[in-house]
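Student: One structure, as structure tokens, below. Some questions next.
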Amino acid sequence: MMAHISLLEIERGTSSNRSGYYTLTNLEPGTYTLQASFIGFHSYHAEITLDPGENLRLNIDLVTADIQMDALVVEANENLEELRNIGMAQITPQLIQDLPAVIEPDLFRSVQLLPGVKAASDFSSGLYVRGGSPDQTLILLDETPIYNPSHFFGFFSIFNPDIIKDVRLYKGGYPAQYGGRIGSILSIYSKDGNRMANQGSVSVGLLASRLSFEGPFTDGSWSVAMRRSTLEPVLSVLRESVSNVPDQFFFYDINAKLNIDSSENNRYSFSVYSGYDRVSLPFQDDAQIGLRYGNRTLSGQWQRIFTDHLFGSFSLTGSYYFNEPNLEIAGTPFQRINEIYDFSLKGDIEYQPNEENILSTGFWAGSLSLRLLDRLDNTYTLNSSILSQYFSSYIQHDWQPHRKIAFNIGLRMNTFSEGDYLRLEPRASAELRISQRFRIQAAYGRYNQFLTLITNEAFSGFDVWLAADEGVPPAFGDQFLLGLKTLPFSGYGFDVEVYYRTMRNLFELDPFAGNTTGLDYQDLFRFGEGYAYGAEFFFEKQMGNLTGFIGYTFGITERKFPGFNHPVLDSPAQARFYPPKYDRTHDANLVFNYLFTSRWSIGAVFNYSTGQAYTEPQGRTQLSGPPWDRGFLDVFIIEKLNSSRLPSYHRLDMSLSRKGTFFGIGDAEWQLQVINVYSRRNIWFYNYNFDENPVKRQDITLLPVIPSIAYTINF
Amino acid sequence: MTSRNISLLLITFLLLAACEPPVEDNFNEYVFVESYLIADRPLDEVRINTTTSTNEKFNFFDAAITDANVQIVLLDENGEDEAVFEYVPSERDGIYLPVLPPHFVIPKRTYRLDVDFNNRQEVITAVTTVPDQIEISREIPDTLIYQAYERLEINLSPHQKVHDQNVYVLSAIAQQPYIENLTPFYRSIINDDEQDDQISDFSVNSTGLINEGNFIENEDGTITFRFPWLGVAFFEGNLIVANLIDSNLHDIARSQQAQLGGDVTFTPGEIHNLIYNMDGGIGVFGSMSTDTIHTYFQRPD
């Protein structure tokens with residue numbers, strides 16, 4: 001994890017890298033107080049003494065904040081302040097568990113509360129970061145890409161809250177070390193497992209339940225977590241009185257991790273994830289719809305300390321995504337098979353010759369196979385198969401010429417064999433540390449993306465990925481960021497960031513493509529551009545009985561594609577910018593948790609945001625034909641795409657928790673939650689009944705008030 | 001930064017949050033023109049009306065334009081006028097008919113539609129190139145058992161490509177469209193309150209757009225398409241119609257499907273205009289060729 005390590009007497013500090021490796025060089029002999037802190041963990045203090053010429057290696061095991069420890073070793077809830085890097089945000093596992101949530105505590109629902117991150121709807125856990133669509137965020141689980149991070153068709157994410165150790169969201173302007181998307185990166189690391197003792201937890205919810213175990217292993221640790229929906233009893237009851245209830249409707253996921261510290265300088269870890277969603281629904285007579293989709297990942301990592309100044313980390317990853325909807329109506333089957341195999345080798349080397357300089361380099365090489373098959377009536381209507389080798393490498397220099405000034409300069413190179421693309425990405429950032437509590441930061445970066453996602457904001461179960469190829473060049477964009485990071489008072493943080501980003505050569509499936517059979521690959525796409533800008537404010541209280549944050553985002557994002565949203569009588573080749581549905585000018589979140597006693601706590605989340613963009617049809621007419629059909633066809637005339645706004649969205653969720661024990665076996669917690677406390681009927685979208693004359697508009701609303709209860713046992 | 005400053009800052013932005021962007025759209029009236037040419041058939045009617053606000057009830061005859069000047073022009077290979085076919089208003093408002101003698105639409109030729117008005121500014125033109133004539137092989141079974149292994153296969157004789165790609169639509173027209181003749185799936189989706197309307201809709205059941213890539217190319221130059229069982233809404237006698245459509249019809253059909261939610265990539269609430277291929281107004285001036293056969297779908301035992 002990326003903890004902050006400092007020597008208090010001389011105000012020298014550094015941050016550990018993603019693997020937890022840190023170095024403090026050129027220290028005078030003497031005695032120092034070393035502090036290590038990381039949000040969500042107890043701060044660590046230790047007195048160290050350095051003799052002349054001595055190299056001291058200090059391994060620190062931070063302890064999560066919800067575990068009570070010896071006060072001599074750990075000072076709980078103290079000095080957890082950490083100034084963040086530009087464009088970066090983090091979510092603690094504890095926050096995910098504490099927040100009121102529908103069905104399950106959910107990482108993505110928690111991330112959506114951060115400034116700059118928006119949700120499409122109550123039903124979608126998709127991440128819309130700084131005006132980017134979900135495919136512009138690379139999601140990594142233990143360094144392995146995840147291609148569909150959702151269960152229940154987007155309702156919540158695949159990440160079991162029991163396995164999450166660290167979550168880092170790079171909203172933009174990230175350094176050369178990272179790449180792959182033009183927007184952001186969400187990196188999730190799973191728990192290593194308890195190295196001291198065996199422990200476990202059971203959580204029983206109304207709609208899903210979880211079970212996890214962890215413990216020590218010879219020179220290491222292990223952890224296993226399982227989660228499964230438990231909807232079957234509900235479905236069984238529903239079948240008694242309601243028609244069209246699914247035959248099957250479930251999801252599960254399994255995570256496992258093994259860590260081996262083979263020597264003082266070598267550490268290995270292996271992690272596995274498997275997740276699966278399945279639904280099968282008969283409808284009407286002679287019709288059935290089914291869907292199965294999921295992800296499998298496997299990763300192995302070797303971390304090596306070569307010398308006190310040279311650190312390396314190497315990963316072998318494999319990711320498999322499959323999505324197979326099928327539909328059969330009146331003896332006519334439709335089947336789709338979408339599969340991605342992504343195998344890669346990553347390496348990162350970090351060299352810190354002195355305290356002013358860190359040189360980093362690395363590579364990411366892999367093989368990506370995407371297959372998309374559509375069959376209608378047992379005949380292939382689309383057969384796309386892409387096998388591409390990709391290679392990225394970077395070089396990066398962190399330079400701190402003065403203790404108040406720091407620079408990061410880097411260059412990343414990407415190649416993609418399909419289409420023979422080579423793209424360079426310069427990156428740079430600077431930080432001016434006015435004081436320990438006040439920093440000004442700026443960053444610029446260019447980013448490329450070789451993949452695009454065919455999805456629907458309302459329903460991510462059918463997500464399909466397509467890749468760049470000859471005639472389909474990759475999307476790219478530039479990002480400019482300016483940030484102000486402050487710690488105004490002890491235990492408080494206040495950050496401001498402004499951003500501007502471009503999105504060029506966006507390639508998406510052409511919605512008017514119609515029947516795609518026989519089309520050339522490039523004819524499947526439309527190519528466009530976009531931009532986004534905004535300002536984010538984040539005020540956080542990190543310690544005490546009352547913790548939480550207020551986030552506010554002012555953001556604008558627009559896109560345009562030739563042939564879309566042009567003035568009605570103008571050439572279709574023209575286009576005007578329009579806001580996507582998820583664009584919200586104002587978005588504010590209030591999140592707090594108050595600890596009444598050591599047992600009782602209350603939490604609340606309030607969100608207010610501008611209503612989403614939608615298209616209001618202005619005019620109508622009818623086609624009397626076409627000649628092959630019977631009856632009139634309604635035609636609607638649009639002046640500007642998505643130029644109207646739904647009513648503002650606001651919602652309050654609350655939770656009440658009581659901690660206790662479970663017959664002396666372990667700790668237990670009751671959680672009573674109420675989603676949408678005052679039952680605001682927020683509008684999801686308007687449905688126009690075009691069969692009515694004049695047209696009738698119907699409100700399709702989001703979640704009503706939903707109470708739920710969960711019980712968790714830790715043993 | 002003091003706590004007072006921070007509070008002021010937060011209050012300012014919360015006030016900002018109360019400001020919502022205004023709705024910007026307004027209704028504008030457009031002239032809508034609709035005409036179809038079918039190869040080897042006489043020129044057909046041209047319909048002209050204005051669009052109306054979605055808040056108002058739409059009725060073609062209320063919105064009809066009666067003072068239009070309409071003509072269809074046959075173009076030569078150089079795009080010059082070869083023959084002009086005048087239209088006159090019919091007894092029904094907004095519907096214009098060609099002046100006799102009838103002109104039979106010539107396959108593979110290009111036609112232009114010209115429309116202007118005595119009391120309006122719009123000058124509307126559109127162009128279509130008529131697809132090559134198609135012919136369905138008559139060698140098909142007289143009777144097929146519904147959902148049996150043996151399927152109805154449509155064999156089309158060789159024909160030229162006059163557009164980027166050939167796009168077809170197949171339809172089944174029921175000859176006995178009675179509720180007791182509905183196939184099980186269609187029977188189950190009939191709403192009793194709208195039974196007559198729905199049966200009427202299903203009596204002409206189309207496949208949607210079929211690209212040439214969906215057909216099997218045979219060595220003799222013919223192409224074959226297996227008619228899906230989903231296209232059969234009624235048992236017993238059916239006319240099976242194959243249509244080869246031009247790019248204007250292809251554009252209007254695919255965009256009309258997408259406008260009403262036929263494309264899953266559009267997010268809910270995002271509605272797009274149709275692709276019109278018309279200058280000065282909106283609508284469709286399309287062409288197609290067509291052929292029809294007959295078969296009988298027998299109930300399975």
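Each chain of the structure tokens is named A, B, ... in the order shown, its residues numbered from 1; ligands are numbered from 1 in display order.
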Can you work out which residues from chain B touch chain A at a cut-off of 7 Å (counting only C-alpha atoms) and hand them back as a ChimeraX atom specification?

Tutor: /B:1,17,20,23-27,51-58,147,171,184-185,188-189,201,204,206,209-211,213-214,228-230,254-255,258,263-273,280-281

Student: Given the selection you just returned, output its residues as a file containing C-alpha atoms, formatted as a PDB file, in the first residue's frame.

Tutor:
ATOM      1  CA  MET B   1      -7.633  29.097   5.397  1.00  0.00           C
ATOM      2  CA  ALA B  17     -25.982  23.873  -6.894  1.00  0.00           C
ATOM      3  CA  GLU B  20     -30.408  24.521 -12.837  1.00  0.00           C
ATOM      4  CA  VAL B  23     -34.698  23.954 -21.024  1.00  0.00           C
ATOM      5  CA  GLU B  24     -33.637  25.152 -24.477  1.00  0.00           C
ATOM      6  CA  ASP B  25     -35.777  23.267 -26.972  1.00  0.00           C
ATOM      7  CA  ASN B  26     -38.665  24.663 -29.015  1.00  0.00           C
ATOM      8  CA  PHE B  27     -40.958  23.174 -31.608  1.00  0.00           C
ATOM      9  CA  THR B  51     -45.004  18.227 -38.603  1.00  0.00           C
ATOM     10  CA  THR B  52     -46.986  19.058 -35.485  1.00  0.00           C
ATOM     11  CA  SER B  53     -46.024  19.578 -31.888  1.00  0.00           C
ATOM     12  CA  THR B  54     -45.932  16.408 -29.793  1.00  0.00           C
ATOM     13  CA  ASN B  55     -48.303  18.196 -27.419  1.00  0.00           C
ATOM     14  CA  GLU B  56     -50.955  18.298 -30.124  1.00  0.00           C
ATOM     15  CA  LYS B  57     -52.995  15.549 -31.630  1.00  0.00           C
ATOM     16  CA  PHE B  58     -51.561  14.480 -34.992  1.00  0.00           C
ATOM     17  CA  GLN B 147     -41.023 -25.317 -36.623  1.00  0.00           C
ATOM     18  CA  SER B 171     -42.557 -10.202 -45.114  1.00  0.00           C
ATOM     19  CA  PRO B 184     -48.249 -19.744 -30.116  1.00  0.00           C
ATOM     20  CA  PHE B 185     -45.866 -16.860 -29.440  1.00  0.00           C
ATOM     21  CA  SER B 188     -49.577 -15.160 -26.188  1.00  0.00           C
ATOM     22  CA  ILE B 189     -48.712 -11.504 -26.757  1.00  0.00           C
ATOM     23  CA  ASP B 201     -50.513  -5.554 -37.385  1.00  0.00           C
ATOM     24  CA  VAL B 204     -48.126  -8.400 -42.303  1.00  0.00           C
ATOM     25  CA  SER B 206     -41.653  -8.381 -41.536  1.00  0.00           C
ATOM     26  CA  LEU B 209     -33.472  -5.318 -42.447  1.00  0.00           C
ATOM     27  CA  ILE B 210     -31.427  -8.183 -43.865  1.00  0.00           C
ATOM     28  CA  ASN B 211     -28.031  -7.494 -45.371  1.00  0.00           C
ATOM     29  CA  GLY B 213     -24.248 -10.949 -45.807  1.00  0.00           C
ATOM     30  CA  ASN B 214     -27.140 -12.851 -44.250  1.00  0.00           C
ATOM     31  CA  PRO B 228     -37.044 -17.556 -39.669  1.00  0.00           C
ATOM     32  CA  TRP B 229     -39.965 -19.150 -37.855  1.00  0.00           C
ATOM     33  CA  LEU B 230     -40.311 -15.907 -35.916  1.00  0.00           C
ATOM     34  CA  ARG B 254     -32.689   1.636 -39.515  1.00  0.00           C
ATOM     35  CA  SER B 255     -32.901   5.069 -37.932  1.00  0.00           C
ATOM     36  CA  ALA B 258     -33.228   3.147 -33.381  1.00  0.00           C
ATOM     37  CA  ASP B 263     -30.863   0.042 -30.410  1.00  0.00           C
ATOM     38  CA  VAL B 264     -29.579  -0.956 -27.004  1.00  0.00           C
ATOM     39  CA  THR B 265     -26.611   1.393 -27.094  1.00  0.00           C
ATOM     40  CA  PHE B 266     -28.829   4.444 -26.738  1.00  0.00           C
ATOM     41  CA  THR B 267     -29.339   5.306 -23.128  1.00  0.00           C
ATOM     42  CA  PRO B 268     -32.889   5.709 -21.868  1.00  0.00           C
ATOM     43  CA  GLY B 269     -34.125   9.183 -22.711  1.00  0.00           C
ATOM     44  CA  GLU B 270     -31.740   9.734 -25.626  1.00  0.00           C
ATOM     45  CA  ILE B 271     -33.720  10.119 -28.854  1.00  0.00           C
ATOM     46  CA  HIS B 272     -32.198  10.764 -32.274  1.00  0.00           C
ATOM     47  CA  ASN B 273     -33.605  12.108 -35.491  1.00  0.00           C
ATOM     48  CA  GLY B 280     -35.117  21.514 -47.879  1.00  0.00           C
ATOM     49  CA  GLY B 281     -37.425  19.329 -45.823  1.00  0.00           C
TER      50      GLY B 281
END

Student: So which residues touch Ile140 in chain B within 8 Å, counting only C-alpha atoms, skipping near sequence neighbours fewer than 6 positions away, as a list in words?

Tutor: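 The residues that qualify are Leu152, Glu153, Ile154 and Thr295 of chain B.
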
Student: Could you write those residues out with all heavy atoms, as a compact mmCIF listing (two decimals), in the first residue's frame?

Tutor:
# COMPACT_ATOMS: atom_id res chain seq x y z
N LEU B 152 -38.47 -22.87 -44.76
CA LEU B 152 -38.71 -22.14 -46.00
C LEU B 152 -37.42 -21.44 -46.41
O LEU B 152 -36.86 -20.65 -45.64
CB LEU B 152 -39.82 -21.11 -45.79
CG LEU B 152 -40.07 -20.19 -46.98
CD1 LEU B 152 -40.52 -20.98 -48.21
CD2 LEU B 152 -41.11 -19.12 -46.63
N GLU B 153 -36.96 -21.76 -47.61
CA GLU B 153 -35.75 -21.12 -48.11
C GLU B 153 -36.12 -20.25 -49.30
O GLU B 153 -36.74 -20.72 -50.26
CB GLU B 153 -34.71 -22.17 -48.51
CG GLU B 153 -34.15 -22.91 -47.29
CD GLU B 153 -32.96 -23.78 -47.64
OE1 GLU B 153 -32.82 -24.12 -48.84
OE2 GLU B 153 -32.17 -24.11 -46.74
N ILE B 154 -35.75 -18.99 -49.21
CA ILE B 154 -36.03 -18.04 -50.27
C ILE B 154 -34.81 -17.98 -51.19
O ILE B 154 -33.73 -17.61 -50.75
CB ILE B 154 -36.28 -16.62 -49.70
CG1 ILE B 154 -37.31 -16.66 -48.57
CG2 ILE B 154 -36.67 -15.64 -50.81
CD1 ILE B 154 -38.70 -16.89 -49.01
N THR B 295 -47.02 -19.85 -49.81
CA THR B 295 -46.81 -21.14 -49.18
C THR B 295 -47.83 -21.32 -48.05
O THR B 295 -48.60 -20.40 -47.74
CB THR B 295 -45.37 -21.30 -48.65
OG1 THR B 295 -45.12 -22.67 -48.35
CG2 THR B 295 -45.14 -20.46 -47.40

Student: So which residues of range 79-236 of chain B fall under strand (DSSP E or B) by DSSP, listed as a ChimeraX atom specification?

Tutor: /B:81-89,95-98,104,110-117,123-129,136,143-145,153-156,167-174,182,204-211,216-217,223-226,234,236

Student: So that I can see what lies close to Asp162 in chain A, please list as number ranges by chain the residues with an atom at most 9 Å from it, counting only C-alpha atoms and leaving out residues fewer than 4 positions away in the same chain.

Tutor: A: 93, 97, 190-191, 201, 210-212, 225-226

Student: Print the selection's residues with N, CA and C atoms to a file, as a JSON list (two decimals), in the first residue's frame.

Tutor:
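That gives us result-v6.json:
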[["chain", "number", "residue", "atom", "x", "y", "z"],
["A", 93, "PRO", "N", -11.67, 0.53, 3.15],
["A", 93, "PRO", "CA", -12.59, -0.61, 3.26],
["A", 93, "PRO", "C", -13.65, -0.37, 4.33],
["A", 97, "GLN", "N", -17.89, -0.55, 4.14],
["A", 97, "GLN", "CA", -18.72, -1.37, 5.03],
["A", 97, "GLN", "C", -19.73, -0.52, 5.78],
["A", 190, "SER", "N", -6.49, -6.77, -3.10],
["A", 190, "SER", "CA", -7.21, -7.61, -2.16],
["A", 190, "SER", "C", -6.37, -7.84, -0.91],
["A", 191, "LYS", "N", -7.07, -8.24, 0.14],
["A", 191, "LYS", "CA", -6.43, -8.44, 1.45],
["A", 191, "LYS", "C", -5.39, -9.57, 1.38],
["A", 201, "SER", "N", -15.36, -14.35, 8.97],
["A", 201, "SER", "CA", -16.57, -13.57, 9.18],
["A", 201, "SER", "C", -17.70, -14.14, 8.33],
["A", 210, "ARG", "N", -22.31, -13.45, 2.75],
["A", 210, "ARG", "CA", -20.87, -13.53, 2.52],
["A", 210, "ARG", "C", -20.22, -14.40, 3.59],
["A", 211, "LEU", "N", -19.09, -14.99, 3.21],
["A", 211, "LEU", "CA", -18.32, -15.81, 4.12],
["A", 211, "LEU", "C", -16.86, -15.60, 3.78],
["A", 212, "SER", "N", -16.04, -15.34, 4.79],
["A", 212, "SER", "CA", -14.62, -15.15, 4.50],
["A", 212, "SER", "C", -13.76, -15.74, 5.61],
["A", 225, "ALA", "N", -12.57, -15.62, 0.29],
["A", 225, "ALA", "CA", -13.87, -14.99, 0.55],
["A", 225, "ALA", "C", -14.85, -15.44, -0.52],
["A", 226, "MET", "N", -16.07, -15.67, -0.10],
["A", 226, "MET", "CA", -17.12, -16.10, -1.03],
["A", 226, "MET", "C", -18.36, -15.26, -0.79]]

Student: List every residue of range 51-183 of chain B that DSSP, applied to the backbone of this structure, places in alpha helix (DSSP H), and write the result as a list in words.

Tutor: Phe60, Phe61, Asp62 and Ala63 of chain B

Student: Could you dump the residues just selected with C-alpha atoms as a PDB file, in the first residue's frame?

Tutor:
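Final file, result.pdb:
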ATOM      1  CA  PHE B  60     -52.428  13.666 -41.413  1.00  0.00           C
ATOM      2  CA  PHE B  61     -55.304  15.431 -43.093  1.00  0.00           C
ATOM      3  CA  ASP B  62     -55.233  18.285 -40.577  1.00  0.00           C
ATOM      4  CA  ALA B  63     -51.508  18.704 -41.209  1.00  0.00           C
TER       5      ALA B  63
END

Student: Could you tell me which of A:Leu107, A:Ile665, A:Val102, A:Ala176 comes closest to Leu207 in chain A if we count only C-alpha atoms?

Tutor: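 Of A:Leu107, A:Ile665, A:Val102, A:Ala176, the one nearest Leu207 in chain A, counting only C-alpha atoms, is A:Val102.
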